[in-house]
$ cat upload.cif   # mmCIF, C-alpha atoms
data_work
loop_
_atom_site.label_atom_id
_atom_site.label_comp_id
_atom_site.auth_asym_id
_atom_site.auth_seq_id
_atom_site.Cartn_x
_atom_site.Cartn_y
_atom_site.Cartn_z
CA MET A 1 35.03 43.90 26.75
CA THR A 2 32.14 42.33 28.72
CA ALA A 3 28.76 42.18 27.00
CA SER A 4 25.82 43.82 28.75
CA PRO A 5 23.02 41.64 30.21
CA ALA A 6 20.66 42.88 27.51
CA ARG A 7 23.03 41.87 24.71
CA LEU A 8 23.56 38.46 26.34
CA ARG A 9 19.81 37.86 26.46
CA THR A 10 19.49 38.84 22.80
CA LEU A 11 22.35 36.49 21.86
CA ARG A 12 20.74 33.63 23.80
CA ARG A 13 17.42 34.18 22.00
CA ARG A 14 19.15 34.15 18.61
CA LEU A 15 21.07 30.98 19.42
CA LEU A 16 17.90 29.32 20.69
CA GLY A 17 16.06 30.30 17.54
CA LEU A 18 18.90 28.94 15.38
CA ALA A 19 18.96 25.66 17.33
CA THR A 20 15.20 25.31 16.99
CA THR A 21 15.35 25.95 13.25
CA LEU A 22 18.14 23.42 12.77
CA GLY A 23 16.20 20.89 14.85
CA ILE A 24 13.13 21.30 12.67
CA VAL A 25 15.16 20.88 9.49
CA ALA A 26 16.84 17.76 10.88
CA ALA A 27 13.48 16.30 11.89
CA LEU A 28 11.97 16.87 8.46
CA THR A 29 14.92 15.27 6.66
CA ALA A 30 15.45 12.30 8.98
CA PRO A 31 14.36 8.96 7.47
CA GLY A 32 12.19 8.05 10.45
CA VAL A 33 10.24 11.27 10.89
CA ALA A 34 7.30 12.50 8.83
CA SER A 35 6.62 16.12 7.98
CA ALA A 36 3.52 17.73 9.42
CA ALA A 37 2.98 19.70 6.20
CA PRO A 38 -0.05 18.66 4.09
CA ALA A 39 0.18 16.89 0.75
CA THR A 40 -0.67 19.09 -2.23
CA VAL A 41 -1.73 18.48 -5.83
CA ASP A 42 1.17 19.06 -8.23
CA HIS A 43 -0.73 18.43 -11.47
CA ARG A 44 -3.45 16.27 -13.02
CA ILE A 45 -3.86 14.36 -16.27
CA THR A 46 -7.32 13.44 -17.55
CA ARG A 47 -7.53 9.95 -19.05
CA SER A 48 -11.32 9.77 -19.46
CA ASP A 49 -14.44 11.24 -17.91
CA ARG A 50 -13.99 9.02 -14.83
CA TRP A 51 -10.26 8.27 -14.85
CA GLU A 52 -7.53 10.74 -14.07
CA GLN A 53 -3.94 10.66 -12.90
CA LEU A 54 -3.33 12.81 -9.87
CA TYR A 55 0.27 13.77 -9.08
CA VAL A 56 0.66 14.70 -5.43
CA PHE A 57 3.64 16.25 -3.66
CA SER A 58 4.21 14.31 -0.45
CA PRO A 59 6.26 16.08 2.23
CA ALA A 60 6.86 12.72 3.92
CA MET A 61 8.16 11.12 0.72
CA GLY A 62 9.93 14.29 -0.34
CA ARG A 63 8.73 13.94 -3.94
CA VAL A 64 5.73 13.88 -6.23
CA VAL A 65 3.81 10.58 -6.15
CA GLY A 66 1.56 9.54 -9.04
CA LEU A 67 -1.88 8.06 -8.50
CA ASP A 68 -4.36 6.51 -10.90
CA ILE A 69 -7.80 7.67 -9.78
CA LEU A 70 -11.19 6.30 -10.77
CA HIS A 71 -14.09 8.39 -9.55
CA PRO A 72 -17.86 8.27 -9.91
CA THR A 73 -20.08 10.95 -11.32
CA GLY A 74 -22.40 12.96 -9.15
CA THR A 75 -22.07 15.63 -6.51
CA THR A 76 -22.56 13.66 -3.30
CA PRO A 77 -19.65 12.44 -1.12
CA HIS A 78 -18.62 8.82 -1.62
CA PRO A 79 -16.23 6.29 -0.06
CA THR A 80 -12.71 5.47 -1.22
CA LEU A 81 -10.97 2.19 -2.03
CA TYR A 82 -7.16 2.22 -1.96
CA LEU A 83 -5.87 -0.47 -4.33
CA LEU A 84 -2.19 -1.39 -3.93
CA ASP A 85 0.22 -2.90 -6.45
CA GLY A 86 2.65 -5.79 -6.09
CA THR A 87 6.41 -6.12 -6.15
CA ALA A 88 6.52 -5.72 -9.92
CA ALA A 89 5.25 -2.13 -9.68
CA SER A 90 7.89 0.13 -11.15
CA ASP A 91 8.55 3.78 -10.34
CA ASP A 92 9.12 4.55 -14.03
CA GLN A 93 5.68 3.24 -15.01
CA THR A 94 3.19 5.77 -16.25
CA GLN A 95 0.27 3.84 -14.73
CA SER A 96 -0.63 1.58 -11.86
CA THR A 97 -0.29 -2.04 -12.93
CA TRP A 98 -3.95 -2.50 -11.96
CA THR A 99 -4.89 -0.23 -14.86
CA LEU A 100 -2.38 -1.89 -17.17
CA ARG A 101 -3.20 -5.54 -16.51
CA THR A 102 -6.84 -5.75 -15.38
CA ASP A 103 -10.34 -4.54 -16.24
CA VAL A 104 -10.39 -2.25 -13.20
CA THR A 105 -11.57 0.81 -15.14
CA ARG A 106 -14.54 -1.09 -16.57
CA PHE A 107 -15.31 -2.94 -13.35
CA PHE A 108 -15.71 0.24 -11.31
CA ALA A 109 -17.44 2.23 -14.05
CA ASP A 110 -20.87 1.77 -12.44
CA LYS A 111 -19.79 1.87 -8.80
CA ASN A 112 -20.14 4.88 -6.50
CA VAL A 113 -16.60 4.79 -5.09
CA ASN A 114 -13.27 6.52 -5.55
CA VAL A 115 -10.51 4.05 -6.43
CA VAL A 116 -7.00 5.28 -5.61
CA MET A 117 -4.07 3.30 -7.06
CA PRO A 118 -0.48 4.44 -6.30
CA ILE A 119 1.88 4.35 -9.25
CA GLY A 120 5.17 2.65 -8.35
CA GLY A 121 6.42 1.47 -4.99
CA GLY A 122 7.66 -1.95 -6.11
CA GLY A 123 9.58 -3.71 -3.37
CA THR A 124 8.79 -1.09 -0.73
CA PHE A 125 5.83 -2.85 0.96
CA TYR A 126 4.21 0.59 1.11
CA THR A 127 5.72 1.11 4.54
CA ASP A 128 7.90 3.63 6.36
CA TRP A 129 11.52 2.53 6.05
CA LEU A 130 14.00 2.92 8.87
CA ASP A 131 16.71 4.15 6.52
CA ASN A 132 17.02 5.44 3.00
CA ASP A 133 17.97 2.77 0.47
CA THR A 134 20.60 3.23 -2.23
CA VAL A 135 18.26 1.68 -4.83
CA LEU A 136 14.70 2.14 -3.57
CA GLY A 137 15.35 5.57 -2.09
CA HIS A 138 13.42 7.41 0.61
CA ASN A 139 10.21 5.60 1.54
CA ARG A 140 7.54 6.93 3.89
CA TRP A 141 4.58 5.22 2.25
CA GLU A 142 2.56 4.66 5.42
CA ASP A 143 2.78 8.35 6.32
CA PHE A 144 1.74 9.28 2.79
CA LEU A 145 -1.09 6.78 2.39
CA THR A 146 -2.63 7.03 5.86
CA ARG A 147 -1.96 10.60 7.01
CA GLU A 148 -1.28 12.83 4.04
CA LEU A 149 -3.45 11.35 1.30
CA PRO A 150 -6.90 10.70 2.87
CA PRO A 151 -7.58 14.38 3.73
CA LEU A 152 -6.55 15.37 0.21
CA ILE A 153 -8.77 12.71 -1.39
CA ASN A 154 -11.71 13.75 0.79
CA ARG A 155 -11.17 17.37 -0.21
CA GLU A 156 -10.36 17.00 -3.91
CA LEU A 157 -12.56 14.00 -4.80
CA MET A 158 -15.49 14.36 -2.40
CA GLY A 159 -14.44 11.44 -0.21
CA ASN A 160 -16.76 10.85 2.73
CA GLY A 161 -14.09 9.52 5.10
CA ARG A 162 -15.12 5.87 4.77
CA ASN A 163 -12.27 3.77 3.32
CA ALA A 164 -11.20 0.26 2.37
CA VAL A 165 -7.81 -1.03 1.23
CA ALA A 166 -6.81 -4.03 -0.88
CA GLY A 167 -3.78 -5.29 -2.75
CA LEU A 168 -2.04 -8.21 -4.38
CA SER A 169 1.00 -10.10 -3.05
CA MET A 170 3.24 -7.40 -1.53
CA GLY A 171 0.29 -4.99 -1.69
CA GLY A 172 -1.94 -7.50 0.09
CA HIS A 173 0.44 -7.66 3.01
CA ALA A 174 0.66 -3.88 2.99
CA ALA A 175 -3.13 -3.54 2.99
CA ALA A 176 -3.50 -5.66 6.14
CA THR A 177 -0.54 -3.95 7.80
CA LEU A 178 -1.78 -0.44 7.11
CA ALA A 179 -5.18 -1.46 8.48
CA PHE A 180 -4.00 -2.83 11.82
CA ARG A 181 -1.49 -0.02 12.31
CA ASN A 182 -4.18 2.61 11.69
CA PRO A 183 -7.31 1.25 13.41
CA GLY A 184 -10.54 2.75 12.15
CA LEU A 185 -9.09 4.21 8.94
CA TYR A 186 -10.23 1.26 6.80
CA ARG A 187 -13.52 -0.61 7.20
CA ALA A 188 -12.52 -3.53 4.94
CA VAL A 189 -9.30 -5.19 3.75
CA GLY A 190 -8.64 -7.35 0.67
CA VAL A 191 -5.58 -9.60 0.43
CA TYR A 192 -4.92 -11.37 -2.88
CA SER A 193 -2.14 -14.00 -2.88
CA GLY A 194 -0.48 -12.30 0.06
CA CYS A 195 1.41 -13.67 3.06
CA LEU A 196 0.65 -11.97 6.37
CA LEU A 197 3.32 -13.84 8.31
CA THR A 198 6.08 -11.24 8.48
CA SER A 199 8.19 -11.86 11.53
CA ASP A 200 8.75 -15.63 11.29
CA VAL A 201 8.17 -18.12 8.46
CA GLY A 202 7.08 -15.43 6.02
CA GLN A 203 10.09 -13.19 6.51
CA PRO A 204 12.17 -14.88 3.76
CA MET A 205 9.39 -14.15 1.25
CA VAL A 206 9.34 -10.48 2.24
CA ARG A 207 13.12 -10.24 2.03
CA ALA A 208 13.15 -11.94 -1.36
CA ALA A 209 10.61 -9.44 -2.69
CA VAL A 210 12.72 -6.50 -1.56
CA HIS A 211 15.91 -8.08 -2.92
CA ASN A 212 14.13 -8.69 -6.21
CA ARG A 213 13.87 -4.91 -6.66
CA GLY A 214 17.49 -4.35 -5.60
CA GLY A 215 16.68 -3.08 -2.12
CA ASN A 216 18.15 -3.99 1.25
CA PRO A 217 15.39 -5.27 3.59
CA ASP A 218 17.49 -4.31 6.63
CA ASN A 219 16.86 -0.71 5.62
CA MET A 220 13.13 -1.37 5.79
CA TRP A 221 12.48 -2.91 9.22
CA GLY A 222 15.97 -3.73 10.44
CA GLY A 223 17.81 -7.02 10.84
CA SER A 224 16.03 -10.37 11.03
CA LEU A 225 15.53 -10.18 14.82
CA ASP A 226 14.74 -6.47 15.01
CA PRO A 227 11.32 -5.53 16.47
CA GLY A 228 10.26 -3.79 13.26
CA TRP A 229 9.34 -7.12 11.69
CA ALA A 230 6.89 -8.06 14.43
CA ALA A 231 5.59 -4.48 14.45
CA HIS A 232 4.49 -5.01 10.82
CA ASP A 233 3.16 -8.57 11.21
CA PRO A 234 -0.67 -8.56 11.08
CA THR A 235 -0.88 -11.92 12.88
CA LYS A 236 0.78 -10.36 15.94
CA HIS A 237 -1.80 -7.56 16.14
CA LEU A 238 -5.14 -9.19 15.37
CA ASP A 239 -7.00 -7.23 18.05
CA ALA A 240 -6.46 -4.13 15.93
CA LEU A 241 -8.34 -5.82 13.06
CA ARG A 242 -11.47 -6.61 15.07
CA GLY A 243 -14.42 -4.93 13.47
CA THR A 244 -12.67 -4.77 10.11
CA ALA A 245 -14.00 -6.99 7.31
CA VAL A 246 -11.12 -9.14 6.02
CA TYR A 247 -11.15 -10.93 2.67
CA MET A 248 -8.34 -13.25 1.53
CA SER A 249 -8.03 -15.03 -1.82
CA VAL A 250 -5.36 -17.44 -3.03
CA GLY A 251 -4.91 -20.02 -5.76
CA SER A 252 -3.60 -23.57 -5.55
CA GLY A 253 -0.55 -22.91 -7.70
CA THR A 254 -1.93 -25.22 -10.36
CA PRO A 255 -1.90 -23.54 -13.79
CA GLY A 256 -5.29 -22.91 -15.31
CA PRO A 257 -6.65 -21.66 -18.64
CA ALA A 258 -5.27 -18.19 -17.97
CA ASP A 259 -1.75 -19.62 -17.94
CA VAL A 260 -1.91 -21.14 -21.41
CA ASP A 261 -0.59 -17.90 -22.86
CA PHE A 262 1.31 -16.87 -19.72
CA ASP A 263 2.61 -13.33 -20.17
CA PRO A 264 5.53 -12.45 -17.89
CA SER A 265 5.13 -8.73 -18.53
CA PHE A 266 4.53 -6.79 -15.32
CA SER A 267 4.58 -10.07 -13.39
CA TYR A 268 6.65 -11.27 -10.47
CA PRO A 269 8.53 -13.47 -10.90
CA ILE A 270 9.34 -13.68 -14.61
CA ASP A 271 8.37 -17.23 -15.51
CA LEU A 272 5.52 -19.68 -15.04
CA PHE A 273 7.52 -21.94 -12.73
CA GLY A 274 8.17 -19.01 -10.40
CA ALA A 275 4.49 -18.00 -10.52
CA ILE A 276 3.54 -21.55 -9.49
CA SER A 277 6.05 -21.63 -6.63
CA LEU A 278 5.06 -18.24 -5.26
CA GLU A 279 1.36 -19.07 -5.28
CA GLU A 280 2.02 -22.38 -3.52
CA GLY A 281 3.87 -20.41 -0.83
CA ALA A 282 1.01 -17.93 -0.58
CA LEU A 283 -1.45 -20.83 -0.26
CA SER A 284 0.44 -22.40 2.62
CA CYS A 285 0.76 -19.03 4.32
CA THR A 286 -2.92 -18.17 3.87
CA ARG A 287 -4.01 -21.47 5.39
CA THR A 288 -1.85 -20.79 8.44
CA VAL A 289 -3.08 -17.21 8.77
CA GLU A 290 -6.71 -18.29 8.51
CA LYS A 291 -6.22 -20.73 11.40
CA ILE A 292 -4.53 -18.06 13.50
CA MET A 293 -7.33 -15.58 12.81
CA ARG A 294 -10.16 -18.01 13.56
CA THR A 295 -8.46 -19.16 16.77
CA ALA A 296 -8.34 -15.50 17.81
CA GLY A 297 -12.06 -15.13 17.11
CA LEU A 298 -11.84 -13.30 13.78
CA THR A 299 -14.07 -14.39 10.90
CA PRO A 300 -12.30 -13.61 7.63
CA THR A 301 -13.85 -14.49 4.29
CA VAL A 302 -11.34 -16.79 2.58
CA ARG A 303 -11.49 -17.97 -1.03
CA TYR A 304 -9.35 -20.90 -2.19
CA THR A 305 -9.44 -21.57 -5.92
CA LEU A 306 -8.79 -24.89 -7.64
CA PHE A 307 -6.52 -23.25 -10.20
CA GLY A 308 -4.38 -20.16 -9.97
CA THR A 309 -0.78 -19.00 -10.18
CA HIS A 310 0.86 -15.78 -9.02
CA ALA A 311 -0.39 -13.83 -12.03
CA TRP A 312 -2.69 -10.98 -12.97
CA PRO A 313 -5.72 -12.85 -14.37
CA TYR A 314 -6.27 -14.41 -10.95
CA TRP A 315 -5.89 -11.13 -9.09
CA GLN A 316 -8.49 -9.56 -11.35
CA ASP A 317 -10.85 -12.42 -10.43
CA ALA A 318 -9.98 -11.96 -6.75
CA LEU A 319 -10.86 -8.27 -6.89
CA HIS A 320 -14.24 -9.10 -8.43
CA SER A 321 -14.87 -11.80 -5.84
CA SER A 322 -13.91 -9.54 -2.94
CA TRP A 323 -16.15 -6.68 -3.98
CA PRO A 324 -19.17 -7.74 -1.84
CA THR A 325 -16.93 -7.64 1.25
CA LEU A 326 -15.30 -4.35 0.27
CA ARG A 327 -18.64 -2.84 -0.75
CA THR A 328 -20.19 -3.67 2.62
CA GLY A 329 -17.24 -2.15 4.45
CA LEU A 330 -17.55 0.99 2.33
CA GLY A 331 -21.22 1.30 3.22
CA LEU A 332 -22.47 0.87 -0.36
#
$ encode --input "upload.cif" --output "structure tokens"
Amino acid sequence: MTASPARLRTLRRRLLGLATTLGIVAALTAPGVASAAPATVDHRITRSDRWEQLYVFSPAMGRVVGLDILHPTGTTPHPTLYLLDGTAASDDQTQSTWTLRTDVTRFFADKNVNVVMPIGGGGTFYTDWLDNDTVLGHNRWEDFLTRELPPLINRELMGNGRNAVAGLSMGGHAAATLAFRNPGLYRAVGVYSGCLLTSDVGQPMVRAAVHNRGGNPDNMWGGSLDPGWAAHDPTKHLDALRGTAVYMSVGSGTPGPADVDFDPSFSYPIDLFGAISLEEGALSCTRTVEKIMRTAGLTPTVRYTLFGTHAWPYWQDALHSSWPTLRTGLGL
């Protein structure tokens, strides 16, 4: 029996609607595509009058992401500093390592700024991965941090839309990368013991950091020659950093007083020798990056210290030292 023209049109509309629905579902579940849905607050935990943990459902990440939040008192809008962790950050931690290993809560107690510190993300470089990883899972950190989270912070914590971003080691690279890939979102960037050379001499360091957490770096930006590595290399996109205040700090690798009682807890790597070697690598990288930036006409503030290994006491000092640069960028 032949269907009538009206029934055929109805069938076509239903098939088109089904295809559209399936296409939307596929887009939302594909590793390389972010959801357009907004992030929402799942729950909150109060730690003190100015410190809370905010747990946010991220459609891009497909899960709830924890954040340590420091916020000022008062009823007027204020700027926001995003402070990123290093490779040692663990997804089963109950706090950001910044709150575990530094005086960050005391340091910002008298400052009129939100401080947002993601909990976890070790080995992910806070970036959008090409593919899901069997160990590190589904990662759409850039979508979460730059598109989903800022509107929520502005709404829930009276953010005024003026932001800065800083981080240590892996987080330092991520801070600079998020800044150049999202021009205008951050007014200042802090990089502590980080290497911003991603696509050439610094690629082995990035790969080692991912491997250290059990991940496959090919799932992040592709194989060694794939364009994703250059696409996340700040030194290849310096024009996008013009007008952004950049601060870099690195130690010499020489142990100092803070290393006398070296504590490997929450550190990467797990021994003093590794902390020396990594900081020496970061030093060499930072010197090269500074030359590249100045040749391109950028004027970063760079701090080289006589002592310093790849360890938390020095990153705490670096945060303190970078505050004038970050503060200026935040308009404080």
$ atom_distance --input "upload.cif" --atom1 "atom CA of A:Ile270" --atom2 "atom CA of A:Gly256"
17.3 Å
$ atom_distance --input "upload.cif" --atom1 "atom CA of A:Pro150" --atom2 "atom CA of A:Ala37"
13.8 Å
$ resolve_selection --input "upload.cif" --expression "the PyMOL selection byres ((chain A and resi 163) around 8)" --output "PyMOL selection string"
chain A and resi 79-82+161-162+164-165+185-188+329-330
$ residues_around --input "upload.cif" --residues "stretch 100-110 of chain A" --least-positions-apart "4" --cutoff "8 Å" --atoms "only C-alpha atoms" --output "count of residues only"
11
$ atom_distance --input "upload.cif" --atom1 "atom CA of A:Glu280" --atom2 "atom CA of A:Ser252"
6.1 Å
$ closest_residue --input "upload.cif" --among "A:Ala240, A:Gly123, A:Trp98, A:Gly281" --to "A:Leu319" --atoms "only C-alpha atoms"
A:Trp98
$ closest_residue --input "upload.cif" --among "A:Met170, A:Ala175, A:Met158, A:Leu149" --to "A:Phe125" --atoms "all atoms listed in the file"
A:Met170
$ residues_around --input "upload.cif" --residues "A:Pro227" --least-positions-apart "4" --cutoff "12 Å" --atoms "only C-alpha atoms" --output "PyMOL selection string"
chain A and resi 130+198-200+218+220-223+231-233+236
$ closest_residue --input "upload.cif" --among "A:Asp317, A:Glu290, A:Asp143, A:Asp261" --to "A:Thr235" --atoms "all atoms listed in the file"
A:Glu290
$ resolve_selection --input "upload.cif" --expression "the PyMOL selection byres ((chain A and resi 205-217) around 10)" --output "PDB file with C-alpha atoms, in the coordinates of the input"
ATOM      1  CA  GLY A  86       2.650  -5.790  -6.090  1.00  0.00           C
ATOM      2  CA  THR A  87       6.410  -6.120  -6.150  1.00  0.00           C
ATOM      3  CA  ALA A  88       6.520  -5.720  -9.920  1.00  0.00           C
ATOM      4  CA  ALA A  89       5.250  -2.130  -9.680  1.00  0.00           C
ATOM      5  CA  SER A  90       7.890   0.130 -11.150  1.00  0.00           C
ATOM      6  CA  GLY A 121       6.420   1.470  -4.990  1.00  0.00           C
ATOM      7  CA  GLY A 122       7.660  -1.950  -6.110  1.00  0.00           C
ATOM      8  CA  GLY A 123       9.580  -3.710  -3.370  1.00  0.00           C
ATOM      9  CA  THR A 124       8.790  -1.090  -0.730  1.00  0.00           C
ATOM     10  CA  PHE A 125       5.830  -2.850   0.960  1.00  0.00           C
ATOM     11  CA  TRP A 129      11.520   2.530   6.050  1.00  0.00           C
ATOM     12  CA  LEU A 130      14.000   2.920   8.870  1.00  0.00           C
ATOM     13  CA  ASP A 131      16.710   4.150   6.520  1.00  0.00           C
ATOM     14  CA  ASN A 132      17.020   5.440   3.000  1.00  0.00           C
ATOM     15  CA  ASP A 133      17.970   2.770   0.470  1.00  0.00           C
ATOM     16  CA  THR A 134      20.600   3.230  -2.230  1.00  0.00           C
ATOM     17  CA  VAL A 135      18.260   1.680  -4.830  1.00  0.00           C
ATOM     18  CA  LEU A 136      14.700   2.140  -3.570  1.00  0.00           C
ATOM     19  CA  GLY A 137      15.350   5.570  -2.090  1.00  0.00           C
ATOM     20  CA  SER A 169       1.000 -10.100  -3.050  1.00  0.00           C
ATOM     21  CA  MET A 170       3.240  -7.400  -1.530  1.00  0.00           C
ATOM     22  CA  HIS A 173       0.440  -7.660   3.010  1.00  0.00           C
ATOM     23  CA  CYS A 195       1.410 -13.670   3.060  1.00  0.00           C
ATOM     24  CA  LEU A 196       0.650 -11.970   6.370  1.00  0.00           C
ATOM     25  CA  LEU A 197       3.320 -13.840   8.310  1.00  0.00           C
ATOM     26  CA  THR A 198       6.080 -11.240   8.480  1.00  0.00           C
ATOM     27  CA  SER A 199       8.190 -11.860  11.530  1.00  0.00           C
ATOM     28  CA  VAL A 201       8.170 -18.120   8.460  1.00  0.00           C
ATOM     29  CA  GLY A 202       7.080 -15.430   6.020  1.00  0.00           C
ATOM     30  CA  GLN A 203      10.090 -13.190   6.510  1.00  0.00           C
ATOM     31  CA  PRO A 204      12.170 -14.880   3.760  1.00  0.00           C
ATOM     32  CA  ASP A 218      17.490  -4.310   6.630  1.00  0.00           C
ATOM     33  CA  ASN A 219      16.860  -0.710   5.620  1.00  0.00           C
ATOM     34  CA  MET A 220      13.130  -1.370   5.790  1.00  0.00           C
ATOM     35  CA  TRP A 221      12.480  -2.910   9.220  1.00  0.00           C
ATOM     36  CA  GLY A 222      15.970  -3.730  10.440  1.00  0.00           C
ATOM     37  CA  GLY A 223      17.810  -7.020  10.840  1.00  0.00           C
ATOM     38  CA  SER A 224      16.030 -10.370  11.030  1.00  0.00           C
ATOM     39  CA  TYR A 268       6.650 -11.270 -10.470  1.00  0.00           C
ATOM     40  CA  PRO A 269       8.530 -13.470 -10.900  1.00  0.00           C
ATOM     41  CA  LEU A 278       5.060 -18.240  -5.260  1.00  0.00           C
ATOM     42  CA  GLY A 281       3.870 -20.410  -0.830  1.00  0.00           C
ATOM     43  CA  ALA A 282       1.010 -17.930  -0.580  1.00  0.00           C
TER      44      ALA A 282
END
$ resolve_selection --input "upload.cif" --expression "the PyMOL selection byres ((chain A and resi 144) around 12)" --output "ChimeraX atom specification"
/A:33-40,56-67,118,121,126-128,139-143,145-153,178
$ residues_around --input "upload.cif" --residues "stretch 246-249 of chain A" --least-positions-apart "2" --cutoff "9 Å" --atoms "only C-alpha atoms" --output "ChimeraX atom specification"
/A:166,172,176,187-194,241,244,251,283,286,290,298-305,315,318-319,321-322,325-326
$ axis_aligned_box --input "upload.cif" --around "stretch 300-315 of chain A" --padding-each-side "3 Å" --output "AutoDock Vina command-line options"
--center_x -6.5 --center_y -17.9 --center_z -3.4 --size_x 20.7 --size_y 19.9 --size_z 28.0
